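Trainee: Structure below; questions to follow.
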Amino acid sequence: MSVTESGASSVELLKNGTMLAALSGPPYSFSWDTTQETEGSYQLVAQMVVGGQIVASAPVTVVVDRTPPTIVSKTPDSGATNVSLTDPIQVVFSEALASTSVTAGAVMLALGSTAVGATAMLAADGKTVTLAITNLASLVLPGTMTENATVAITDLAGNAFAGASWNFSVPLWVDLGSVSGGKPEMVLDSSGTPTVATIVTTGSTSQLLIAKHTTGTSWDTSTPSPQVQTTVTEFSLAIDKSNALFLAWDEGYASGTATPILVARWTGTAWDKSYGQLLHTSGGAAERPTIALTAAGQPIVRWAELVALSSGPDYVSQWTGSAWNSFAGVPSGDCDMQPCRIVLDSSDDPIIETSGQISRWIGSSWTTPVNGGDGLALNSTQQAVTFQDSGTSIQVLGISPTGASASYVPALSISPVESEPLRLGQIATDGSDEPIIVWFQYDGGTMSSPANPNLHVARWTGAVWDQSYGTLNNASGRSALVLGQGTTPIVAWADGSTAMVHVSKSNH
């Protein structure tokens, strides 16, 4: 600190209000040796007398710091397993760091002996360093990842971190845990947390189970079932912008007994069943419902009806706020997808599958059905996206708003021992409108006695089919697919017992 004032009769330097030095001069300068000072924060003020008046400088804070930063916590921690690479990779230090010292070369990741491209970011608190992996798809998983924080990291006083290195295990698929039941449906809330619904069968009864992921492999199953009877056959799940769950379901059919589709909304404390019931045919039995929500959060439901145990017509209806309004002329035939799917375009017009064909409501009528059938999604250009599994290849199709069908991307060649004959495939499109598909096949045994029932996952990158997601083994075939953060496949899938649903999140 220096002082320049020709009229000053005396200059004093105060440290935290007490005399540190009397300065002579001009130029009234002072060099302070802090090596003998206790570590801490000091406030320095230069004070002088000019023309008989005391004049003080603005205070200057000096921090005496000879202690290097240390690590307070790290996520994932040393020895952690089942690590999700889409979750934050963070290191929290004991004190604020020099921002210029926090670089990709100062905090590094390696998978085995291979360096992993990542960017390092220092949070506003000055203590938290977050790593973001540049390209997850480039990683060959599973494997052991090493994180290395180097001596290049310094605090604001220039004290260097001593350096540290630790390891954690990274699977190809992160296990989010399991819930009882089969026939899974899944949605993500606004925070990206999955809710899964299943049917748990015990003897002659079947109960809807609703489970929300909490942390790790744990699930909250405290939300009760809205069902009335003791048997649920099929159901569909949706979630609105306020994170309220909607369910549409059918209950056990008894010959000669009218059985409607029921719709309910979870308010957070109870099920709102004010939506009434859906049944057009007197004495009929409604079945195989699927539900979607308009931009305003109103449900649209598609279902089929049995008449005297024979297939009847299909229906699509929209809730207006006080009643159900039907879409006329639904193409005849049942929904063959398992589970059945309905999607809504940007005008809230429904798109459905019937007998392996896709149709779309265009204001007053349905477009002519075109071939499709495995999974159903919508891209940003309002194309419906579906696929067909021939047993030797999978062809993804894009269907325009006017109902014109064309190949969406090149076909994917597959070579199963035996394909599942049912329409169990799932599809979603990522933020680049590229398709991600899930399909079931047997990978072992013979056609007459197939074995190794697995779910396969693949994504079109824009240039090639990426099949590095591997397989989900011992699957029964029924699954649900959502994309975490718009890109990461999360699959809820029933295993071979058909009594347990596993939820797996891709690390690829």
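By convention here, the chains of the structure tokens are called A, B, ... in the order presented, each chain's residues are numbered starting at 1, and ligands are numbered starting at 1 in the order presented.
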Please provide the set of residues having any atom within 8 Å of region 198-215 of chain A, restricted to only C-alpha atoms, with same-chain residues fewer than 6 positions apart removed, written as an MDAnalysis selection string.

Mentor: chainID A and resid 176 179:185 221:227 230:233 499 501

Trainee: Skipping near chain neighbours, those fewer than 3 positions away, what residues fall within 10 Å of region 52-63 of chain A using only C-alpha atoms, listed as an MDAnalysis selection string?

Mentor: chainID A and resid 1 3 8:16 34 39:49 66 156:157

Trainee: Would you write out those residues with C-alpha atoms, as a PDB file, in the first residue's frame?

Mentor:
```pdb
ATOM      1  CA  MET A   1       0.000   0.000   0.000  1.00  0.00           C
ATOM      2  CA  VAL A   3       0.201   6.957   0.023  1.00  0.00           C
ATOM      3  CA  ALA A   8       0.307  15.039   5.009  1.00  0.00           C
ATOM      4  CA  SER A   9       2.008  15.704   8.334  1.00  0.00           C
ATOM      5  CA  SER A  10       1.827  12.039   9.386  1.00  0.00           C
ATOM      6  CA  VAL A  11       0.640   8.700   7.975  1.00  0.00           C
ATOM      7  CA  GLU A  12      -0.307   5.634   9.968  1.00  0.00           C
ATOM      8  CA  LEU A  13      -1.160   2.177   8.648  1.00  0.00           C
ATOM      9  CA  LEU A  14      -3.845   0.421  10.711  1.00  0.00           C
ATOM     10  CA  LYS A  15      -4.410  -3.332  10.785  1.00  0.00           C
ATOM     11  CA  ASN A  16      -7.895  -4.221  11.991  1.00  0.00           C
ATOM     12  CA  THR A  34       2.956 -11.652   6.407  1.00  0.00           C
ATOM     13  CA  GLU A  39      -3.706 -17.011   8.818  1.00  0.00           C
ATOM     14  CA  GLY A  40      -6.876 -15.054   8.405  1.00  0.00           C
ATOM     15  CA  SER A  41      -8.467 -11.941   6.924  1.00  0.00           C
ATOM     16  CA  TYR A  42      -7.095  -8.495   7.756  1.00  0.00           C
ATOM     17  CA  GLN A  43      -8.427  -5.031   6.985  1.00  0.00           C
ATOM     18  CA  LEU A  44      -5.825  -2.346   6.268  1.00  0.00           C
ATOM     19  CA  VAL A  45      -6.523   1.392   6.405  1.00  0.00           C
ATOM     20  CA  ALA A  46      -4.081   4.251   5.741  1.00  0.00           C
ATOM     21  CA  GLN A  47      -4.797   7.215   7.965  1.00  0.00           C
ATOM     22  CA  MET A  48      -3.208  10.696   7.698  1.00  0.00           C
ATOM     23  CA  VAL A  49      -3.562  14.214   8.990  1.00  0.00           C
ATOM     24  CA  ARG A  66      -0.590 -20.548   3.596  1.00  0.00           C
ATOM     25  CA  LEU A 156      -6.819 -17.693  -4.406  1.00  0.00           C
ATOM     26  CA  ALA A 157      -3.505 -17.227  -2.565  1.00  0.00           C
TER      27      ALA A 157
END
```

Trainee: Mind checking which residues fall within 10 Å of Ile362 (chain A), counting only C-alpha atoms, ignoring those fewer than 2 positions away in the same chain, and posting them as a ChimeraX atom specification?

Mentor: /A:347,349-351,359-360,364-367,401-403

Trainee: Convert the current residue selection to file output with N, CA and C atoms, as a PDB file, in the first residue's frame.

Mentor:
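Final output, result_19.pdb:
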```
ATOM      1  N   SER A 347     -51.349 -29.986 -32.595  1.00  0.00           N
ATOM      2  CA  SER A 347     -52.735 -29.498 -32.573  1.00  0.00           C
ATOM      3  C   SER A 347     -53.601 -30.336 -31.648  1.00  0.00           C
ATOM      4  N   ASP A 349     -54.212 -33.383 -32.009  1.00  0.00           N
ATOM      5  CA  ASP A 349     -54.919 -34.410 -32.771  1.00  0.00           C
ATOM      6  C   ASP A 349     -54.255 -35.762 -32.531  1.00  0.00           C
ATOM      7  N   PRO A 350     -55.062 -36.806 -32.287  1.00  0.00           N
ATOM      8  CA  PRO A 350     -54.513 -38.119 -31.944  1.00  0.00           C
ATOM      9  C   PRO A 350     -53.988 -38.892 -33.148  1.00  0.00           C
ATOM     10  N   ILE A 351     -52.967 -39.705 -32.893  1.00  0.00           N
ATOM     11  CA  ILE A 351     -52.402 -40.647 -33.858  1.00  0.00           C
ATOM     12  C   ILE A 351     -52.454 -42.016 -33.189  1.00  0.00           C
ATOM     13  N   SER A 359     -52.977 -44.407 -38.193  1.00  0.00           N
ATOM     14  CA  SER A 359     -53.943 -43.419 -38.677  1.00  0.00           C
ATOM     15  C   SER A 359     -53.860 -42.166 -37.813  1.00  0.00           C
ATOM     16  N   ARG A 360     -54.293 -41.053 -38.393  1.00  0.00           N
ATOM     17  CA  ARG A 360     -54.161 -39.763 -37.724  1.00  0.00           C
ATOM     18  C   ARG A 360     -55.428 -38.939 -37.949  1.00  0.00           C
ATOM     19  N   SER A 364     -61.433 -33.584 -39.194  1.00  0.00           N
ATOM     20  CA  SER A 364     -62.798 -34.076 -39.394  1.00  0.00           C
ATOM     21  C   SER A 364     -62.842 -35.551 -39.750  1.00  0.00           C
ATOM     22  N   SER A 365     -61.686 -36.143 -39.987  1.00  0.00           N
ATOM     23  CA  SER A 365     -61.641 -37.554 -40.373  1.00  0.00           C
ATOM     24  C   SER A 365     -60.255 -38.114 -40.056  1.00  0.00           C
ATOM     25  N   TRP A 366     -60.112 -39.422 -40.274  1.00  0.00           N
ATOM     26  CA  TRP A 366     -58.847 -40.106 -40.074  1.00  0.00           C
ATOM     27  C   TRP A 366     -58.149 -40.317 -41.417  1.00  0.00           C
ATOM     28  N   THR A 367     -56.833 -40.182 -41.415  1.00  0.00           N
ATOM     29  CA  THR A 367     -56.090 -40.476 -42.633  1.00  0.00           C
ATOM     30  C   THR A 367     -56.187 -41.966 -42.951  1.00  0.00           C
ATOM     31  N   PRO A 401     -47.910 -35.576 -41.634  1.00  0.00           N
ATOM     32  CA  PRO A 401     -49.222 -35.144 -41.146  1.00  0.00           C
ATOM     33  C   PRO A 401     -50.373 -35.449 -42.096  1.00  0.00           C
ATOM     34  N   THR A 402     -50.072 -35.686 -43.364  1.00  0.00           N
ATOM     35  CA  THR A 402     -51.137 -36.045 -44.304  1.00  0.00           C
ATOM     36  C   THR A 402     -51.299 -37.548 -44.468  1.00  0.00           C
ATOM     37  N   GLY A 403     -50.465 -38.331 -43.772  1.00  0.00           N
ATOM     38  CA  GLY A 403     -50.602 -39.780 -43.823  1.00  0.00           C
ATOM     39  C   GLY A 403     -49.693 -40.467 -44.801  1.00  0.00           C
TER      40      GLY A 403
END
```

Trainee: Going by DSSP on the backbone, which bits of region 136-373 of chain A are strand (DSSP E or B)? Write them as a VMD selection string, please.

Mentor: chain A and resid 143 to 149 154 to 155 160 164 to 170 173 to 180 182 to 188 194 to 202 205 to 213 219 to 220 232 to 239 245 to 251 259 261 to 266 271 to 272 277 to 278 285 to 293 299 to 307 310 to 319 324 to 326 337 342 to 344 350 to 354 357 to 361 366 370 to 371

Trainee: Write out as a PyMOL selection string which residues come within 7 Å of Ala120 (chain A) when counting only C-alpha atoms, dropping same-chain ones fewer than 2 positions away.

Mentor: chain A and resi 102-104+107+118+122+129-132

Trainee: With distances taken over only C-alpha atoms, which residue among A:Ala295, A:Ala494, A:Ala411, A:Ile71 lies nearest Ser393 (chain A)?

Mentor: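 That would be A:Ala411, the residue with the smallest distance to Ser393 (chain A).
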
Trainee: Which residues are close to Tyr408 (chain A), i.e. within 6 Å by only C-alpha atoms, leaving aside same-chain residues fewer than 4 positions away? Reply as an mmCIF file with all heavy atoms, in the first residue's frame.

Mentor:
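And here is the file that came out, out_0.cif:
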```cif
data_model
loop_
_atom_site.group_PDB
_atom_site.id
_atom_site.type_symbol
_atom_site.label_atom_id
_atom_site.label_comp_id
_atom_site.auth_asym_id
_atom_site.auth_seq_id
_atom_site.Cartn_x
_atom_site.Cartn_y
_atom_site.Cartn_z
ATOM 1 N N VAL A 396 -37.506 -48.343 -39.733
ATOM 2 C CA VAL A 396 -38.188 -47.220 -39.088
ATOM 3 C C VAL A 396 -38.891 -46.409 -40.161
ATOM 4 O O VAL A 396 -38.327 -46.103 -41.219
ATOM 5 C CB VAL A 396 -37.190 -46.340 -38.311
ATOM 6 C CG1 VAL A 396 -37.913 -45.152 -37.670
ATOM 7 C CG2 VAL A 396 -36.476 -47.166 -37.246
ATOM 8 N N LEU A 397 -40.148 -46.058 -39.900
ATOM 9 C CA LEU A 397 -40.973 -45.333 -40.853
ATOM 10 C C LEU A 397 -41.365 -43.983 -40.286
ATOM 11 O O LEU A 397 -41.670 -43.851 -39.093
ATOM 12 C CB LEU A 397 -42.238 -46.134 -41.177
ATOM 13 C CG LEU A 397 -42.023 -47.543 -41.740
ATOM 14 C CD1 LEU A 397 -43.346 -48.290 -41.790
ATOM 15 C CD2 LEU A 397 -41.397 -47.471 -43.124
ATOM 16 N N GLY A 398 -41.371 -42.976 -41.144
ATOM 17 C CA GLY A 398 -41.908 -41.675 -40.802
ATOM 18 C C GLY A 398 -43.203 -41.454 -41.553
ATOM 19 O O GLY A 398 -43.282 -41.715 -42.759
#
```

Trainee: Near region 436-438 of chain A, counting only C-alpha atoms, which residues have an atom at most 10 Å away, once you skip same-chain residues fewer than 3 positions from it, shown as a PDB file with C-alpha atoms, in the first residue's frame?

Mentor:
```
ATOM      1  CA  ASP A 374     -44.007 -51.369 -33.406  1.00  0.00           C
ATOM      2  CA  GLY A 375     -43.892 -48.415 -31.066  1.00  0.00           C
ATOM      3  CA  THR A 386     -42.882 -46.177 -35.884  1.00  0.00           C
ATOM      4  CA  PHE A 387     -41.078 -49.324 -37.043  1.00  0.00           C
ATOM      5  CA  ILE A 394     -36.015 -53.345 -38.616  1.00  0.00           C
ATOM      6  CA  VAL A 396     -38.188 -47.220 -39.088  1.00  0.00           C
ATOM      7  CA  LEU A 424     -43.620 -55.362 -28.318  1.00  0.00           C
ATOM      8  CA  GLY A 425     -41.243 -52.775 -29.786  1.00  0.00           C
ATOM      9  CA  GLN A 426     -40.755 -49.290 -28.340  1.00  0.00           C
ATOM     10  CA  ILE A 427     -39.478 -46.142 -30.054  1.00  0.00           C
ATOM     11  CA  ALA A 428     -38.599 -42.573 -29.099  1.00  0.00           C
ATOM     12  CA  THR A 429     -36.914 -39.676 -30.900  1.00  0.00           C
ATOM     13  CA  ASP A 430     -34.146 -37.639 -29.292  1.00  0.00           C
ATOM     14  CA  ASP A 433     -35.135 -36.311 -34.122  1.00  0.00           C
ATOM     15  CA  LEU A 455     -34.268 -56.730 -25.130  1.00  0.00           C
ATOM     16  CA  HIS A 456     -32.021 -54.941 -27.620  1.00  0.00           C
ATOM     17  CA  VAL A 457     -31.504 -51.188 -27.874  1.00  0.00           C
ATOM     18  CA  ALA A 458     -30.146 -49.194 -30.811  1.00  0.00           C
ATOM     19  CA  ARG A 459     -29.962 -45.553 -31.867  1.00  0.00           C
ATOM     20  CA  TRP A 460     -29.561 -44.024 -35.302  1.00  0.00           C
ATOM     21  CA  THR A 461     -26.730 -41.484 -35.006  1.00  0.00           C
ATOM     22  CA  TRP A 465     -26.971 -47.598 -36.211  1.00  0.00           C
ATOM     23  CA  ASP A 466     -25.263 -47.543 -32.800  1.00  0.00           C
ATOM     24  CA  THR A 471     -28.852 -56.107 -24.203  1.00  0.00           C
ATOM     25  CA  LEU A 472     -31.165 -56.322 -21.219  1.00  0.00           C
ATOM     26  CA  GLY A 477     -40.591 -58.741 -23.903  1.00  0.00           C
ATOM     27  CA  SER A 479     -41.172 -52.821 -21.768  1.00  0.00           C
ATOM     28  CA  ALA A 480     -41.542 -49.037 -21.573  1.00  0.00           C
ATOM     29  CA  LEU A 481     -39.063 -46.501 -22.974  1.00  0.00           C
ATOM     30  CA  VAL A 482     -38.488 -42.862 -22.008  1.00  0.00           C
ATOM     31  CA  LEU A 483     -35.547 -40.527 -22.673  1.00  0.00           C
ATOM     32  CA  THR A 487     -31.283 -38.317 -24.995  1.00  0.00           C
ATOM     33  CA  THR A 488     -30.642 -41.033 -22.395  1.00  0.00           C
ATOM     34  CA  PRO A 489     -32.697 -44.241 -22.767  1.00  0.00           C
ATOM     35  CA  VAL A 491     -36.166 -48.759 -19.948  1.00  0.00           C
TER      36      VAL A 491
END
```

Trainee: Rounded to one decimal place, report the CA of Ser169 (chain A)-CA of Tyr469 (chain A) distance in Å.

Mentor: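 Computing the Euclidean distance for CA of Ser169 (chain A) and CA of Tyr469 (chain A) yields 17.0 Å.
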
Trainee: Between A:Thr269, A:Ala384, A:Val196, A:His280, single out the one closest to Ser346 (chain A), counting only C-alpha atoms.

Mentor: A:Ala384
